[in-house]
$ cat my_file_23.cif   # mmCIF, C-alpha atoms
data_protein
#
loop_
_atom_site.label_atom_id
_atom_site.label_comp_id
_atom_site.auth_asym_id
_atom_site.auth_seq_id
_atom_site.Cartn_x
_atom_site.Cartn_y
_atom_site.Cartn_z
CA MET P 1011 29.24 -105.65 12.50
CA LEU P 1012 27.17 -107.47 9.90
CA SER P 1013 24.05 -105.50 10.87
CA LYS P 1014 25.98 -102.27 10.39
CA TYR P 1015 26.85 -103.20 6.80
CA ARG P 1016 23.28 -104.28 6.11
CA CYS P 1017 22.03 -100.94 7.39
CA GLY P 1018 24.41 -99.21 5.02
CA ILE P 1019 23.31 -101.32 2.05
CA PHE P 1020 19.64 -100.54 2.65
CA THR P 1021 20.08 -96.81 3.15
CA PHE P 1022 22.45 -96.54 0.17
CA SER P 1023 19.88 -98.28 -2.02
CA ALA P 1024 17.10 -96.07 -0.68
CA SER P 1025 19.21 -92.98 -1.42
CA ILE P 1026 19.67 -94.10 -5.05
CA CYS P 1027 15.93 -94.71 -5.43
CA MET P 1028 15.02 -91.32 -3.98
CA SER P 1029 17.65 -89.53 -6.08
CA PHE P 1030 16.30 -91.20 -9.23
CA LEU P 1031 12.78 -90.09 -8.39
CA ILE P 1032 13.85 -86.53 -7.75
CA MET P 1033 15.87 -86.32 -10.97
CA SER P 1034 12.86 -87.62 -12.84
CA ASN P 1035 10.75 -84.77 -11.38
CA ALA P 1036 8.31 -87.30 -10.00
CA SER P 1037 5.31 -85.83 -8.23
CA ALA P 1038 4.54 -86.62 -4.59
CA SER P 1039 1.76 -88.93 -5.69
CA SER P 1040 4.11 -90.73 -8.08
CA ILE P 1041 6.58 -91.29 -5.30
CA GLY P 1042 3.83 -92.77 -3.17
CA GLU P 1043 2.72 -95.05 -6.00
CA ILE P 1044 6.24 -96.26 -6.74
CA ASN P 1045 6.95 -96.81 -3.04
CA SER P 1046 3.78 -98.82 -2.76
CA VAL P 1047 4.91 -101.10 -5.57
CA LEU P 1048 8.42 -101.44 -4.17
CA GLN P 1049 7.30 -102.14 -0.63
CA GLY P 1050 3.92 -103.78 -1.07
CA GLU P 1051 2.81 -103.25 2.50
CA ASN P 1052 0.44 -101.05 4.48
CA VAL P 1053 1.62 -98.48 6.96
CA SER P 1054 -0.64 -96.79 9.52
CA GLU P 1055 -0.84 -93.04 9.70
CA ALA P 1056 -1.40 -91.42 13.07
CA VAL P 1057 -3.69 -88.44 13.35
CA ASN P 1058 -3.80 -86.52 16.62
CA SER P 1059 -6.91 -84.97 18.11
CA THR P 1060 -6.69 -83.02 21.32
CA THR P 1061 -8.93 -82.43 24.29
CA ASP P 1062 -8.29 -79.67 26.78
CA SER P 1063 -7.36 -80.64 30.34
CA GLY P 1064 -6.12 -77.82 32.53
CA ASP P 1065 -3.20 -76.01 30.95
CA GLU P 1066 -2.22 -78.82 28.60
CA SER P 1067 -3.92 -80.75 25.84
CA ILE P 1068 -4.17 -84.51 25.97
CA SER P 1069 -3.34 -86.31 22.75
CA GLU P 1070 -5.46 -89.27 21.68
CA THR P 1071 -4.11 -91.35 18.82
CA CYS P 1072 -6.41 -92.23 15.93
CA VAL P 1073 -5.11 -94.51 13.18
CA ARG P 1074 -6.18 -94.68 9.57
CA SER P 1075 -4.77 -96.92 6.87
CA THR P 1076 -2.52 -95.62 4.12
CA THR P 1077 -0.18 -97.24 1.65
CA GLY P 1078 3.51 -96.83 0.95
CA PRO P 1079 6.51 -96.68 3.27
CA VAL P 1080 7.34 -93.63 5.38
CA MET P 1081 10.76 -92.26 4.41
CA GLY P 1082 13.00 -89.88 6.30
CA ARG P 1083 16.28 -88.07 5.71
CA VAL P 1084 19.10 -87.88 8.27
CA THR P 1085 19.65 -84.26 9.31
CA ALA P 1086 22.43 -84.80 11.87
CA MET P 1087 25.31 -82.41 11.29
CA TYR P 1088 27.99 -85.12 11.24
CA LYS P 1089 26.59 -88.57 12.04
CA LEU P 1090 23.36 -90.11 13.31
CA ASN P 1091 23.74 -92.78 15.96
CA VAL P 1092 21.50 -95.77 15.22
CA ARG P 1093 20.60 -97.66 18.38
CA LYS P 1094 19.39 -101.12 19.33
CA SER P 1095 16.72 -99.61 21.58
CA PRO P 1096 15.66 -96.07 22.54
CA GLY P 1097 18.77 -94.54 24.14
CA GLY P 1098 20.44 -97.97 24.00
CA GLU P 1099 23.52 -99.50 22.41
CA ILE P 1100 24.80 -97.84 19.23
CA ILE P 1101 24.87 -100.41 16.41
CA ALA P 1102 25.46 -98.22 13.35
CA GLY P 1103 26.00 -94.66 12.17
CA PHE P 1104 24.32 -92.88 9.24
CA GLU P 1105 25.79 -89.94 7.37
CA PRO P 1106 23.84 -86.68 6.80
CA GLY P 1107 21.38 -86.96 3.92
CA THR P 1108 20.98 -90.73 4.25
CA ILE P 1109 17.42 -91.89 3.45
CA VAL P 1110 15.88 -94.26 6.01
CA GLU P 1111 12.56 -96.07 6.24
CA ILE P 1112 10.56 -95.10 9.33
CA LEU P 1113 8.43 -97.91 10.76
CA GLY P 1114 6.92 -95.99 13.66
CA ARG P 1115 7.40 -93.42 16.38
CA GLU P 1116 7.83 -94.26 20.06
CA GLY P 1117 8.04 -91.11 22.17
CA GLU P 1118 11.13 -89.17 21.05
CA TRP P 1119 12.42 -92.04 18.89
CA PHE P 1120 11.76 -93.27 15.37
CA ARG P 1121 11.79 -97.04 14.85
CA ILE P 1122 13.58 -97.51 11.53
CA ARG P 1123 14.47 -100.38 9.23
CA CYS P 1124 18.08 -101.45 9.56
CA GLY P 1125 18.97 -104.23 7.16
CA THR P 1126 16.85 -107.26 8.06
CA THR P 1127 16.00 -105.95 11.53
CA THR P 1128 14.83 -102.72 13.19
CA ALA P 1129 16.64 -100.03 15.13
CA TYR P 1130 16.02 -96.61 16.67
CA ALA P 1131 17.04 -93.04 15.83
CA HIS P 1132 16.18 -89.79 17.60
CA THR P 1133 13.32 -87.87 16.00
CA SER P 1134 15.18 -84.54 16.17
CA LEU P 1135 17.78 -85.84 13.72
CA VAL P 1136 15.51 -87.37 11.06
CA ALA P 1137 13.23 -85.27 8.85
CA VAL P 1138 10.17 -87.06 7.44
CA GLU P 1139 10.29 -86.86 3.63
CA SER P 1140 7.10 -88.74 2.74
CA GLY P 1141 4.17 -90.19 4.67
CA THR P 1142 3.33 -89.89 8.37
CA PRO P 1143 4.91 -92.26 10.93
CA LYS P 1144 2.59 -94.47 12.92
CA VAL P 1145 2.64 -93.40 16.56
CA VAL P 1146 3.36 -96.45 18.71
CA GLU P 1147 2.08 -95.21 22.02
CA SER P 1148 1.82 -98.35 24.11
CA ASN P 1149 0.48 -101.86 24.25
CA ILE P 1150 -2.22 -100.76 26.70
CA THR P 1151 -5.64 -99.28 26.06
CA LEU P 1152 -5.84 -95.67 27.21
CA PRO P 1153 -7.07 -94.22 29.44
CA ALA P 1154 -6.09 -96.85 32.00
CA LYS P 1155 -5.81 -97.19 35.76
CA GLY P 1156 -2.46 -97.84 37.42
CA THR P 1157 -1.09 -98.57 40.89
CA VAL P 1158 1.98 -96.87 42.36
CA MET P 1159 4.70 -99.50 43.00
CA ALA P 1160 7.46 -97.25 44.40
CA LYS P 1161 9.00 -98.54 47.60
CA TYR P 1162 8.60 -95.29 49.52
CA GLN P 1163 7.23 -92.48 47.36
CA LEU P 1164 6.69 -91.85 43.66
CA ASN P 1165 7.85 -88.47 42.40
CA VAL P 1166 5.18 -86.75 40.31
CA ARG P 1167 6.75 -84.32 37.87
CA LYS P 1168 5.63 -81.39 35.73
CA LEU P 1169 7.57 -82.80 32.74
CA PRO P 1170 9.68 -85.94 32.14
CA TRP P 1171 12.60 -85.54 34.58
CA GLY P 1172 11.21 -82.08 35.30
CA LYS P 1173 10.33 -80.34 38.54
CA ILE P 1174 8.72 -82.52 41.22
CA ILE P 1175 5.26 -81.18 42.02
CA ASP P 1176 3.83 -83.98 44.16
CA GLY P 1177 4.52 -87.39 45.68
CA TYR P 1178 2.37 -90.54 45.79
CA LYS P 1179 2.62 -93.30 48.37
CA PRO P 1180 2.71 -96.99 47.37
CA GLY P 1181 -0.71 -98.29 46.40
CA VAL P 1182 -2.14 -94.96 45.23
CA GLN P 1183 -4.30 -95.29 42.10
CA VAL P 1184 -3.58 -93.04 39.09
CA GLU P 1185 -5.29 -92.50 35.75
CA ILE P 1186 -2.94 -92.93 32.78
CA ILE P 1187 -3.97 -90.83 29.79
CA ALA P 1188 -0.90 -91.03 27.52
CA CYS P 1189 2.55 -92.54 27.11
CA ASP P 1190 5.71 -90.54 26.43
CA GLY P 1191 8.72 -92.80 26.06
CA GLU P 1192 9.57 -94.13 29.53
CA TRP P 1193 6.96 -91.89 31.18
CA TYR P 1194 3.21 -92.03 31.74
CA ARG P 1195 1.18 -88.83 31.53
CA ILE P 1196 -1.45 -88.95 34.29
CA ARG P 1197 -4.32 -86.83 35.49
CA HIS P 1198 -3.21 -84.61 38.36
CA GLY P 1199 -5.83 -82.37 39.92
CA ASP P 1200 -7.26 -80.20 37.16
CA GLY P 1201 -4.26 -80.76 34.88
CA VAL P 1202 -1.70 -83.41 33.99
CA ALA P 1203 1.67 -84.62 35.29
CA TYR P 1204 4.28 -87.28 34.58
CA VAL P 1205 5.41 -90.41 36.43
CA HIS P 1206 8.01 -93.00 35.48
CA ARG P 1207 6.56 -96.13 33.87
CA ASP P 1208 8.81 -98.47 35.86
CA LEU P 1209 7.07 -97.45 39.10
CA ILE P 1210 3.49 -97.99 37.89
CA LYS P 1211 1.64 -101.28 37.49
CA VAL P 1212 -1.17 -101.05 34.95
CA ASN P 1213 -4.38 -102.54 36.34
CA GLY P 1214 -6.45 -105.15 34.53
CA ASN P 1215 -4.55 -105.02 31.24
CA THR P 1216 -3.06 -108.36 30.29
CA ALA P 1217 -0.70 -106.96 27.69
CA ALA P 1218 0.96 -104.59 30.10
CA ASP P 1219 0.05 -105.91 33.56
CA THR P 1220 3.53 -106.63 34.82
CA THR P 1221 4.86 -105.85 38.26
CA THR P 1222 8.06 -103.88 38.41
CA SER P 1223 10.62 -104.27 41.16
CA ALA P 1224 10.26 -101.75 43.97
CA GLN P 1225 12.55 -98.80 43.36
CA THR P 1226 13.11 -95.37 44.82
CA GLU P 1227 13.72 -92.09 43.07
CA THR P 1228 16.40 -90.30 45.07
CA SER P 1229 16.23 -86.93 43.38
CA THR P 1230 14.16 -84.28 45.12
CA GLU P 1231 14.22 -81.87 42.21
CA THR P 1232 15.48 -82.00 38.64
CA SER P 1233 16.60 -78.77 37.03
CA THR P 1234 14.90 -77.89 33.76
CA GLN P 1235 17.51 -75.28 32.87
CA PRO P 1236 19.57 -75.93 29.73
CA GLU P 1237 23.22 -76.94 29.94
CA PRO P 1238 25.72 -74.06 30.01
CA SER P 1239 26.65 -72.95 26.51
CA THR P 1240 29.90 -74.39 25.23
CA GLY P 1241 30.03 -72.53 21.93
CA THR P 1242 30.67 -74.05 18.55
CA SER P 1243 32.88 -76.77 20.02
CA ALA P 1244 29.76 -78.35 21.50
CA LYS P 1245 28.52 -79.45 18.11
CA PRO P 1246 28.62 -83.25 17.76
CA VAL P 1247 31.30 -84.60 15.49
CA ALA P 1248 32.29 -88.02 14.24
CA SER P 1249 33.71 -89.99 17.16
CA GLY P 1250 37.47 -90.08 17.46
CA GLY P 1251 37.35 -93.26 19.49
CA ILE P 1252 37.94 -92.91 23.21
CA ASN P 1253 38.97 -89.27 22.70
CA GLY P 1254 35.47 -88.38 21.52
CA PRO P 1255 33.98 -85.88 21.37
CA ALA P 1256 30.99 -88.13 20.56
CA ILE P 1257 30.14 -90.97 22.94
CA PRO P 1258 32.52 -93.82 22.03
CA ALA P 1259 30.92 -97.18 21.23
CA GLU P 1260 33.26 -98.91 23.68
CA LEU P 1261 31.99 -96.76 26.55
CA MET P 1262 28.38 -97.64 25.71
CA GLN P 1263 29.39 -101.31 25.75
CA GLY P 1264 31.07 -100.77 29.10
CA LEU P 1265 27.96 -99.07 30.45
CA GLU P 1266 25.73 -101.95 29.36
CA ALA P 1267 28.08 -104.43 31.04
CA ALA P 1268 28.07 -102.37 34.25
CA LYS P 1269 24.27 -102.31 34.21
CA ARG P 1270 24.33 -106.11 34.35
CA SER P 1271 26.72 -106.14 37.30
CA LYS P 1272 25.88 -106.22 40.99
CA TRP P 1273 27.19 -102.67 41.37
CA LEU P 1274 24.08 -101.14 39.77
CA THR P 1275 21.78 -101.97 42.67
CA SER P 1276 24.28 -102.19 45.54
CA HIS P 1277 24.85 -98.42 45.85
CA LYS P 1278 28.53 -98.86 44.94
CA CYS P 1279 29.04 -95.87 42.64
CA LEU P 1280 32.85 -96.21 42.76
CA GLN P 1281 32.82 -99.82 41.57
CA PHE P 1282 30.13 -99.10 38.97
CA ALA P 1283 32.18 -96.30 37.38
CA GLY P 1284 35.33 -98.44 37.44
CA THR P 1285 33.50 -101.31 35.78
CA ILE P 1286 32.38 -99.12 32.89
CA ALA P 1287 35.99 -98.14 32.20
CA HIS P 1288 37.27 -101.70 32.56
CA GLU P 1289 34.63 -103.21 30.28
CA ALA P 1290 35.33 -100.44 27.75
CA GLY P 1291 38.92 -101.66 27.48
CA ALA P 1292 40.79 -99.40 29.91
CA PRO P 1293 44.36 -100.64 30.53
CA ASP P 1294 44.97 -102.19 33.95
CA GLY P 1295 45.90 -99.67 36.62
CA GLN P 1296 47.94 -99.94 39.78
CA ASP P 1297 45.06 -101.68 41.54
CA THR P 1298 41.85 -103.49 40.62
CA TYR P 1299 39.41 -101.48 38.50
CA THR P 1300 36.80 -101.74 41.26
CA GLN P 1301 39.01 -99.43 43.32
CA PRO P 1302 39.63 -96.64 40.78
CA GLN P 1303 40.87 -94.26 43.50
CA HIS P 1304 43.96 -96.49 43.70
CA ALA P 1305 44.02 -97.87 40.16
CA TRP P 1306 44.48 -94.55 38.32
CA PRO P 1307 46.17 -91.29 39.49
CA ALA P 1308 44.06 -88.41 40.77
CA ASP P 1309 44.17 -85.17 38.78
CA THR P 1310 43.05 -82.18 40.85
CA THR P 1311 42.94 -79.63 38.00
CA LEU P 1312 39.15 -79.34 38.28
CA ARG P 1313 39.08 -79.45 42.07
CA GLY P 1314 36.34 -77.25 43.50
CA SER P 1315 34.32 -77.17 40.27
CA SER P 1316 30.56 -77.43 40.62
CA ILE P 1317 29.02 -80.46 38.92
CA ASN P 1318 26.70 -78.35 36.78
CA THR P 1319 29.68 -76.47 35.30
CA LEU P 1320 31.40 -79.59 33.97
CA PRO P 1321 30.22 -78.90 30.38
CA ASP P 1322 32.59 -75.91 30.50
CA ALA P 1323 35.44 -78.30 31.33
CA VAL P 1324 34.39 -80.45 28.37
CA ALA P 1325 34.52 -77.42 26.05
CA ALA P 1326 37.97 -76.52 27.39
CA GLY P 1327 39.25 -80.03 26.70
CA LYS P 1328 39.84 -80.74 30.39
CA LEU P 1329 37.27 -83.55 30.54
CA LEU P 1330 37.36 -86.35 27.96
CA PRO P 1331 35.17 -89.43 27.45
CA GLY P 1332 36.01 -92.20 29.88
CA MET P 1333 37.30 -89.96 32.66
CA LEU P 1334 35.98 -90.78 36.14
CA VAL P 1335 34.77 -87.84 38.21
CA HIS P 1336 34.95 -88.02 42.00
CA VAL P 1337 32.94 -85.45 43.97
CA LYS P 1338 32.57 -84.91 47.69
CA ILE P 1339 31.54 -82.26 50.18
CA HIS P 1340 35.03 -81.62 51.61
CA TYR P 1341 36.51 -81.44 48.13
CA ASP P 1342 39.86 -79.91 49.19
CA LYS P 1343 40.74 -82.63 51.70
CA ASP P 1344 43.67 -84.86 50.76
CA PRO P 1345 44.03 -87.60 49.90
CA ALA P 1346 41.37 -87.11 47.26
CA TYR P 1347 39.57 -90.23 48.46
CA HIS P 1348 38.87 -90.48 52.17
CA VAL P 1349 35.74 -92.05 53.56
CA SER P 1350 35.39 -90.58 57.04
CA ASN P 1351 32.90 -87.81 57.71
CA ASP P 1352 32.21 -87.00 54.10
CA ALA P 1353 29.70 -87.46 51.28
CA HIS P 1354 31.17 -89.03 48.14
CA HIS P 1355 29.94 -89.88 44.66
CA TRP P 1356 31.57 -91.22 41.50
CA PHE P 1357 30.39 -90.95 37.91
CA ILE P 1358 31.91 -91.14 34.42
CA TYR P 1359 31.92 -88.67 31.55
CA MET P 1360 30.59 -90.54 28.50
CA GLY P 1361 30.93 -87.93 25.72
CA LYS P 1362 28.55 -85.75 23.70
CA ASP P 1363 25.25 -87.01 22.36
CA GLU P 1364 23.83 -86.26 18.89
CA GLN P 1365 22.76 -82.78 20.02
CA GLY P 1366 26.24 -81.98 21.36
CA VAL P 1367 25.14 -82.21 25.01
CA PRO P 1368 27.75 -83.73 27.38
CA ARG P 1369 26.41 -86.90 28.99
CA PHE P 1370 27.38 -88.67 32.19
CA ALA P 1371 26.54 -92.03 33.77
CA ASP P 1372 26.43 -93.43 37.28
CA ASN P 1373 24.55 -96.13 39.16
CA THR P 1374 21.42 -94.01 39.66
CA HIS P 1375 18.44 -93.80 37.27
CA LYS P 1376 19.16 -97.35 36.08
CA GLY P 1377 22.52 -96.29 34.72
CA ASN P 1378 20.90 -94.21 31.97
CA LEU P 1379 22.74 -91.26 30.45
CA GLN P 1380 22.30 -87.96 32.30
CA THR P 1381 23.25 -84.32 31.82
CA ALA P 1382 25.49 -82.51 34.28
CA ASN P 1383 22.39 -80.78 35.66
CA ASP P 1384 20.77 -84.18 36.27
CA VAL P 1385 23.74 -85.34 38.35
CA TYR P 1386 23.93 -81.99 40.13
CA SER P 1387 20.25 -82.09 41.09
CA ASN P 1388 20.56 -85.66 42.33
CA MET P 1389 23.41 -84.62 44.62
CA LYS P 1390 21.46 -81.56 45.70
CA GLY P 1391 18.78 -83.75 47.19
CA TRP P 1392 21.15 -86.37 48.62
CA SER P 1393 20.71 -86.95 52.35
CA ASN P 1394 24.46 -87.37 52.89
CA SER P 1395 25.04 -83.96 51.32
CA LYS P 1396 22.89 -82.41 54.02
CA LYS P 1397 24.42 -84.60 56.70
CA TYR P 1398 28.06 -83.68 56.04
CA GLY P 1399 27.65 -80.22 54.51
CA ASP P 1400 28.20 -76.97 56.40
CA GLU P 1401 28.44 -73.22 55.83
CA LYS P 1402 32.03 -73.44 54.60
CA TYR P 1403 31.61 -76.22 52.02
CA GLY P 1404 27.92 -75.92 51.25
CA TYR P 1405 25.57 -78.85 50.81
CA ILE P 1406 26.33 -80.06 47.28
CA PRO P 1407 29.50 -82.09 46.53
CA ARG P 1408 32.13 -80.54 44.28
CA VAL P 1409 34.86 -82.11 42.18
CA THR P 1410 37.78 -83.32 44.26
CA ALA P 1411 39.63 -85.21 41.52
CA VAL P 1412 39.37 -86.72 38.04
CA HIS P 1413 40.85 -90.15 37.24
CA ASP P 1414 41.68 -91.10 33.66
CA PRO P 1415 41.72 -94.88 33.04
CA PHE P 1416 42.54 -94.25 29.36
CA ALA P 1417 45.46 -91.85 29.86
CA SER P 1418 47.89 -94.19 28.09
CA LYS P 1419 45.59 -94.35 25.05
CA ARG P 1420 44.95 -90.62 24.57
#

$ encode --input "my_file_23.cif" --output "structure tokens"
Amino acid sequence: MLSKYRCGIFTFSASICMSFLIMSNASASSIGEINSVLQGENVSEAVNSTTDSGDESISETCVRSTTGPVMGRVTAMYKLNVRKSPGGEIIAGFEPGTIVEILGREGEWFRIRCGTTTAYAHTSLVAVESGTPKVVESNITLPAKGTVMAKYQLNVRKLPWGKIIDGYKPGVQVEIIACDGEWYRIRHGDGVAYVHRDLIKVNGNTAADTTTSAQTETSTETSTQPEPSTGTSAKPVASGGINGPAIPAELMQGLEAAKRSKWLTSHKCLQFAGTIAHEAGAPDGQDTYTQPQHAWPADTTLRGSSINTLPDAVAAGKLLPGMLVHVKIHYDKDPAYHVSNDAHHWFIYMGKDEQGVPRFADNTHKGNLQTANDVYSNMKGWSNSKKYGDEKYGYIPRVTAVHDPFASKR
């Protein structure tokens, strides 16, 4: 809470300073000079040069010294979520027009000053007002060699979480040419491709030579199509608590707690989803939260819905943050939860992100937020879907029921 107030104090002060400069008709050079005096520190400016490789250009970061802080203005329509880490816990919220100091850029995120510490904000919601942010690519020297550490096979993708175009066995050597958030861009044939950083060990580089735990990507293909349009109601608004529409802070706290639980790596999607709700403050149900099928009543209003159409349910107000979604192949079989001869999965609707996109979470992909298409594609490639599917029900689970742990608080 204290950090949130400190963030507000800094940005409020910065707004006053910038407003004073504008009213004084200060030139761009004057602003830079005054900022230099106020801040008294050097900031690096990143300049990109490109070299052609196949159908894409490879960016190489060059850094030259400049003076004065880099300032940005919040352009979010209603509120900018300020996070502890890229895509991590929300620790503050900035109003539109707030001036922030940008310390660097890491992939799709700006590292910004937040009181006496640093935080992260998405680059699409902050417009640079002065200076050029330093690009913080990685703590490794590029290009670099890496070793595939996946347990079975590493998915090689056209884009981050994009279409899978190849697969590498454990031990295969790759050439890393750039970093993009949690992804490495590698040479692939005559062009480039992307692999997840957690499944690559960088060779001979002390700063980044750490071995990751063996993991497996279960998705066989990730759709690159946009989410179905939900009209004007899809625009992000200030969070109304557990009712959303923005992702409630308590759900993010619940998700972080679930990530630290044994359910993340034990393939217990039901218990993982229930833990998120419980840690977010859901009232006790009729049974333990690790058995949500018994703890909270099943609502079959959305029964038969395809996973990738759930954003439509969000727009219609039929799916609210904190609701647990249960999908299975034989979606019309009662009771809603039965374990014999079926393929099940549980996930939770988290709310809309800053761009108004509905986000979901489950115990795959490290518990990170996903779109409905992400979840749909994961189920599309699931072996159990193929095992229990048939011509009547198809081979991708559909919604059988929705459970609302927060029904008494709506």

$ resolve_selection --input "my_file_23.cif" --expression "the PyMOL selection byres ((chain P and resi 1130) around 9)" --output "number ranges by chain"
P: 1091-1098, 1119-1124, 1128-1129, 1131-1132

$ residues_around --input "my_file_23.cif" --residues "P:Ser1395" --least-positions-apart "2" --cutoff "12 Å" --atoms "all atoms listed in the file" --output "mmCIF file with C-alpha atoms, in the coordinates of the input"
data_model
loop_
_atom_site.group_PDB
_atom_site.id
_atom_site.type_symbol
_atom_site.label_atom_id
_atom_site.label_comp_id
_atom_site.auth_asym_id
_atom_site.auth_seq_id
_atom_site.Cartn_x
_atom_site.Cartn_y
_atom_site.Cartn_z
ATOM 1 C CA VAL P 1337 32.940 -85.450 43.970
ATOM 2 C CA LYS P 1338 32.570 -84.910 47.690
ATOM 3 C CA ILE P 1339 31.540 -82.260 50.180
ATOM 4 C CA HIS P 1340 35.030 -81.620 51.610
ATOM 5 C CA ASN P 1351 32.900 -87.810 57.710
ATOM 6 C CA ASP P 1352 32.210 -87.000 54.100
ATOM 7 C CA ALA P 1353 29.700 -87.460 51.280
ATOM 8 C CA HIS P 1354 31.170 -89.030 48.140
ATOM 9 C CA HIS P 1355 29.940 -89.880 44.660
ATOM 10 C CA TYR P 1386 23.930 -81.990 40.130
ATOM 11 C CA SER P 1387 20.250 -82.090 41.090
ATOM 12 C CA ASN P 1388 20.560 -85.660 42.330
ATOM 13 C CA MET P 1389 23.410 -84.620 44.620
ATOM 14 C CA LYS P 1390 21.460 -81.560 45.700
ATOM 15 C CA GLY P 1391 18.780 -83.750 47.190
ATOM 16 C CA TRP P 1392 21.150 -86.370 48.620
ATOM 17 C CA SER P 1393 20.710 -86.950 52.350
ATOM 18 C CA LYS P 1397 24.420 -84.600 56.700
ATOM 19 C CA TYR P 1398 28.060 -83.680 56.040
ATOM 20 C CA GLY P 1399 27.650 -80.220 54.510
ATOM 21 C CA ASP P 1400 28.200 -76.970 56.400
ATOM 22 C CA TYR P 1403 31.610 -76.220 52.020
ATOM 23 C CA GLY P 1404 27.920 -75.920 51.250
ATOM 24 C CA TYR P 1405 25.570 -78.850 50.810
ATOM 25 C CA ILE P 1406 26.330 -80.060 47.280
ATOM 26 C CA PRO P 1407 29.500 -82.090 46.530
ATOM 27 C CA ARG P 1408 32.130 -80.540 44.280
#

$ residues_around --input "my_file_23.cif" --residues "P:Leu1152" --least-positions-apart "5" --cutoff "7 Å" --atoms "only C-alpha atoms" --output "list in words"
Ile1186, Ile1187 and Ala1188 of chain P

$ resolve_selection --input "my_file_23.cif" --expression "the PyMOL selection byres ((chain P and resi 1319) around 9)" --output "PDB file with C-alpha atoms, in the frame of the given file"
ATOM      1  CA  GLU P1237      23.220 -76.940  29.940  1.00  0.00           C
ATOM      2  CA  PRO P1238      25.720 -74.060  30.010  1.00  0.00           C
ATOM      3  CA  SER P1315      34.320 -77.170  40.270  1.00  0.00           C
ATOM      4  CA  SER P1316      30.560 -77.430  40.620  1.00  0.00           C
ATOM      5  CA  ILE P1317      29.020 -80.460  38.920  1.00  0.00           C
ATOM      6  CA  ASN P1318      26.700 -78.350  36.780  1.00  0.00           C
ATOM      7  CA  LEU P1320      31.400 -79.590  33.970  1.00  0.00           C
ATOM      8  CA  PRO P1321      30.220 -78.900  30.380  1.00  0.00           C
ATOM      9  CA  ASP P1322      32.590 -75.910  30.500  1.00  0.00           C
ATOM     10  CA  ALA P1323      35.440 -78.300  31.330  1.00  0.00           C
ATOM     11  CA  ALA P1382      25.490 -82.510  34.280  1.00  0.00           C
ATOM     12  CA  ASN P1383      22.390 -80.780  35.660  1.00  0.00           C
TER      13      ASN P1383
END

$ atom_distance --input "my_file_23.cif" --atom1 "atom CA of P:Arg1270" --atom2 "atom CA of P:Ile1286"
10.8 Å

$ resolve_selection --input "my_file_23.cif" --expression "the PyMOL selection byres ((chain P and resi 1372) around 12)" --output "MDAnalysis selection string"
chainID P and resid 1264:1266 1268:1269 1273:1275 1277:1287 1334:1336 1355:1360 1369:1371 1373:1382 1384:1385 1388:1389

$ write_last_selection --input "my_file_23.cif" --atoms "C-alpha atoms" --output "short mmCIF file (atom, residue, chain, number, x, y, z; two decimals), in the frame of the given file"
data_model
loop_
_atom_site.label_atom_id
_atom_site.label_comp_id
_atom_site.auth_asym_id
_atom_site.auth_seq_id
_atom_site.Cartn_x
_atom_site.Cartn_y
_atom_site.Cartn_z
CA GLY P 1264 31.07 -100.77 29.10
CA LEU P 1265 27.96 -99.07 30.45
CA GLU P 1266 25.73 -101.95 29.36
CA ALA P 1268 28.07 -102.37 34.25
CA LYS P 1269 24.27 -102.31 34.21
CA TRP P 1273 27.19 -102.67 41.37
CA LEU P 1274 24.08 -101.14 39.77
CA THR P 1275 21.78 -101.97 42.67
CA HIS P 1277 24.85 -98.42 45.85
CA LYS P 1278 28.53 -98.86 44.94
CA CYS P 1279 29.04 -95.87 42.64
CA LEU P 1280 32.85 -96.21 42.76
CA GLN P 1281 32.82 -99.82 41.57
CA PHE P 1282 30.13 -99.10 38.97
CA ALA P 1283 32.18 -96.30 37.38
CA GLY P 1284 35.33 -98.44 37.44
CA THR P 1285 33.50 -101.31 35.78
CA ILE P 1286 32.38 -99.12 32.89
CA ALA P 1287 35.99 -98.14 32.20
CA LEU P 1334 35.98 -90.78 36.14
CA VAL P 1335 34.77 -87.84 38.21
CA HIS P 1336 34.95 -88.02 42.00
CA HIS P 1355 29.94 -89.88 44.66
CA TRP P 1356 31.57 -91.22 41.50
CA PHE P 1357 30.39 -90.95 37.91
CA ILE P 1358 31.91 -91.14 34.42
CA TYR P 1359 31.92 -88.67 31.55
CA MET P 1360 30.59 -90.54 28.50
CA ARG P 1369 26.41 -86.90 28.99
CA PHE P 1370 27.38 -88.67 32.19
CA ALA P 1371 26.54 -92.03 33.77
CA ASN P 1373 24.55 -96.13 39.16
CA THR P 1374 21.42 -94.01 39.66
CA HIS P 1375 18.44 -93.80 37.27
CA LYS P 1376 19.16 -97.35 36.08
CA GLY P 1377 22.52 -96.29 34.72
CA ASN P 1378 20.90 -94.21 31.97
CA LEU P 1379 22.74 -91.26 30.45
CA GLN P 1380 22.30 -87.96 32.30
CA THR P 1381 23.25 -84.32 31.82
CA ALA P 1382 25.49 -82.51 34.28
CA ASP P 1384 20.77 -84.18 36.27
CA VAL P 1385 23.74 -85.34 38.35
CA ASN P 1388 20.56 -85.66 42.33
CA MET P 1389 23.41 -84.62 44.62
#

$ closest_residue --input "my_file_23.cif" --among "P:Glu1099, P:Glu1401, P:Glu1364, P:Glu1111" --to "P:Val1138" --atoms "all atoms listed in the file"
P:Glu1111

$ atom_distance --input "my_file_23.cif" --atom1 "atom CA of P:His1198" --atom2 "atom CA of P:Pro1153"
13.7 Å
